[in-house]
Amino acid sequence: MKIEGTPVYLDVEGLPDRDFYYLIGVRIGNGESAVQHSLWADTFEDEGRIWKKFLAILETVEKPVLFHYGSYEIGFLKQMRERHRVPPDNSLAAKKIGLTVNLLSVTFAQIYFPTYSNGLKELGAWLGCTWPDETTSGIETIAHRNEWECCHGENIWRALIEYNTGDCVALDVLSREIFGLCQGRQPDADPRVSGPIHTDTMQSDLPYRFGKVDYALPEFEAFNKASYWDYERVLLRCSAKLRKRQKNKARSVRKQRVFSKAIESCLISICPHCKKTKINRQGKKEKVVFDIKYTRTGLRRNLTRYIYHCYKCKDCGTNFNDRPLQWPQHKEGSGLLAFVYYQLIQHRLSWRMIANGLSVFFGLERALGKVARMKNRAAEVYRGTYEHLKKKLVSGQVIHADETHVSLGGKRSFVWVFSSITEAVFVHTDTREGDFLGEFFKDFKGVLVSDFYSAYDSIPCPQQKCLIHLMRDINSDLLKHPFDEDMKQLARDFANLLKPMVDTVDQFGFRARFLRKHRRSVYSFYRDIERRNFRSEIAEKYLNRFLKNRDRLFTFLEHDGVSWNNNSAEHAVKAFVFLRKTIGSSSTKSGIDNYLVLLSIYETCKRNDVAFLDFLLSGEKDIHAFAESRLGRRRRRRDKRERPF
């Protein structure tokens with residue numbers, strides 16, 4: 001929250017049943033130097049007088065910023081302007097009135113004070129503010145005002161003035177407290193001692209949880225480690241039956257590994273460094289590569305033994321070997337890697353489940369660490385493919401964008417998805433700030449389809465806001481306010497505007513040639529809602545939303561291939577949401593980046609009708625080239641079948 005100007009705290013008292021505002025409380029400035037004004041109206045005719053006096057007070061303030069609590073004051077400002085026709089819409093006073101800050105919207109769901117509600121009285125009382133004992137709530141002010149109109153008692157008048165002044169003082173104190181909280185946390189502050197606590201530092205109150213536990217005493221930590229002992233060995237000391245079984249187990253002969261084949265390198269007779277022939281053989285070394293072979297009926301384990309020879313040159317003393325460069329550099333073959341990627345991304349299995357499967361079905365020992373290394377290795381193998389997808393996506397005509405959150409080590413970060421018909425790219429950032437968007441969309445010349453998140457507004461390209469998001473918001477508020485006639489009419493007009501557009505898309509697709517005819521309907525829709533006088537606050541909010549996004553709601557009428565919804569990106573986000581359940585919160589920043597590289601490959605394969613496993617086994621790096629080659633082979637096979645004998 002920023003205060004760019006002079007704070008003016010506004011609190012109004014009125015009689016809702018008579019639509020009459022009789023007391024305007026205005027507090028200018030902060031602390032002891034603040035000036036309090038209490039504008040009182042004896043009758044309904046005096047309402048216009050105190051309104052003009054209020055405007056005159058604002059004229060004396062340089063850059064006033066109105067602070068209030070709740071929506072009651074917003075309705076007051078709107079009705080006073082309509083009822084008394086002052087100030088004019090384009091006047092300086094009208095602009096000053098428009099600069100309002102609702103402190104309730106700032107605190108709601110963001111700041112949790114130690115009170116039972118977000119009411120101004122409870123928050124102010126906790127901050128040390130006081131009110132007169134005679135009046136403690138807004139309902140009592142209505143009763144006291146009606147009583148004053150009967151007897152004009154000075155005590156009642158003074159109690160109402162003091163009550164209103166107390167509200168203004170509470171606004172002053174609350175705004176300063178919020179402003180202090182918004183300055184950010186101190187880097188060396190300990191939130192457990194005193195002061196505000198940021199929710200991202202809070203620990204779970206559950207007594208039992210998985211993960212590392214911090215113990216207050218070192219003895220407790222030692223006891224905890226003792227609980228993870230191999231108690232089968234401990235029990236051997238007191239059980240003869242278990243000791244006998246352990247002896248039989250030790251006598252059992254370990255089954256030898258069966259190699260599918262062995263490959264030995266060719267002997268060499270010349271030193272590769274000095275080119276002399278005086279070399280001595282120093283023995284043999286071997287490397288065993290574990291792989292999986294894919295057959296028409298299933299999978300088969302394949303162990304290949306690579307044998308090479310070591311040498312030492314007598315002349316230059318260099319040690320070298322004859323291992324060919326084209327031999328595998330890792331102990332895991334490409335078939336095994338493809339199997340792990342496939343299970344990890346497409347079937348969303350955890351590392352432990354994949355490792356157990358490799359151990360049970362293929363006899364791969366200590367597979368858990370190997371799975372983690374293979375995932376990181378896969379990300380490096382396809383890093384170039386990932387960068388190529390980003391360039392191809394930015395060079396296209398349409399990009400759909402969306403984002404969702406992910407928890408890494410207890411801290412919340414965000415994953416963004418950018419997609420088109422044939423590509424999908426996932427990007428991870430620490431915050432939801434859109435600072436990286438400018439660099440990502442630097443060379444983009446097409447249309448961006450997104451929701452109404454304000455970070456996308458800074459991208460300098462034509463934009464289409466998702467009308468499905470807007471429709472859902474309208475529908476939700478319409479269900480909450482079923483008797484709001486203004487809202488009903490606005491929703492009905494919006495539905496009537498969209499229906500013929502959807503029919504045209506159903507018949508001709510997203511072709512601007514056929515969609516441009518609806519531009520006249522859009523113009524008529526905006527003309528009608530601008531002329532209409534909305535009395536509903538919720539309808540007024542949607543009117544402002546329509547006007548603010550006027551140039552971004554119907555861009556699809558002007559461009560070919562641009563959708564009016566953001567479903568393409570939302571479908572891609574669902575793929576990550578399913579994967580997020582498997583990942584949990586135990587991953588790291590580099591780990592989630594590796595996951596997103598593989599997920600981008602998977603989603604792009606899916607959009608190009610390419611089997612993810614087929615692409616992994618092919619050894620290709622270009623998904624689109626692989627898709628075209630498969631399509632060409634299918635066409636050749638089809639032509640061969642249709643060729644006459």
# chains A, B, ... in the order shown; residues from 1 in each chain; ligands from 1

call {"tool": "select_by_dssp", "arguments": {"residues": "region 210-414 of chain A", "states": "helix (DSSP H, G or I)", "output": "PyMOL selection string"}}
result
chain A and resi 218-226+231-236+240-251+334-346+351-362+367-381+383-394

call {"tool": "select_by_dssp", "arguments": {"residues": "region 344-402 of chain A", "states": "strand (DSSP E or B)", "output": "JSON list (two decimals) with C-alpha atoms, in the first residue's frame"}}
result
[["chain", "number", "residue", "atom", "x", "y", "z"],
["A", 398, "VAL", "CA", -1.03, -17.22, -31.34],
["A", 399, "ILE", "CA", 0.11, -18.00, -27.78],
["A", 400, "HIS", "CA", -2.17, -19.08, -24.94],
["A", 401, "ALA", "CA", -0.89, -18.31, -21.43],
["A", 402, "ASP", "CA", -1.82, -19.43, -17.92]]

call {"tool": "residues_around", "arguments": {"residues": "Ser476 (chain A)", "least_positions_apart": "4", "cutoff": "12 Å", "atoms": "only C-alpha atoms", "output": "ChimeraX atom specification"}}
result
/A:469-472,480-482,487-488,491,538

call {"tool": "closest_residue", "arguments": {"among": "A:Cys316, A:Ala378, A:Leu498, A:Ala34", "to": "Tyr342 (chain A)", "atoms": "only C-alpha atoms"}}
result
A:Ala378
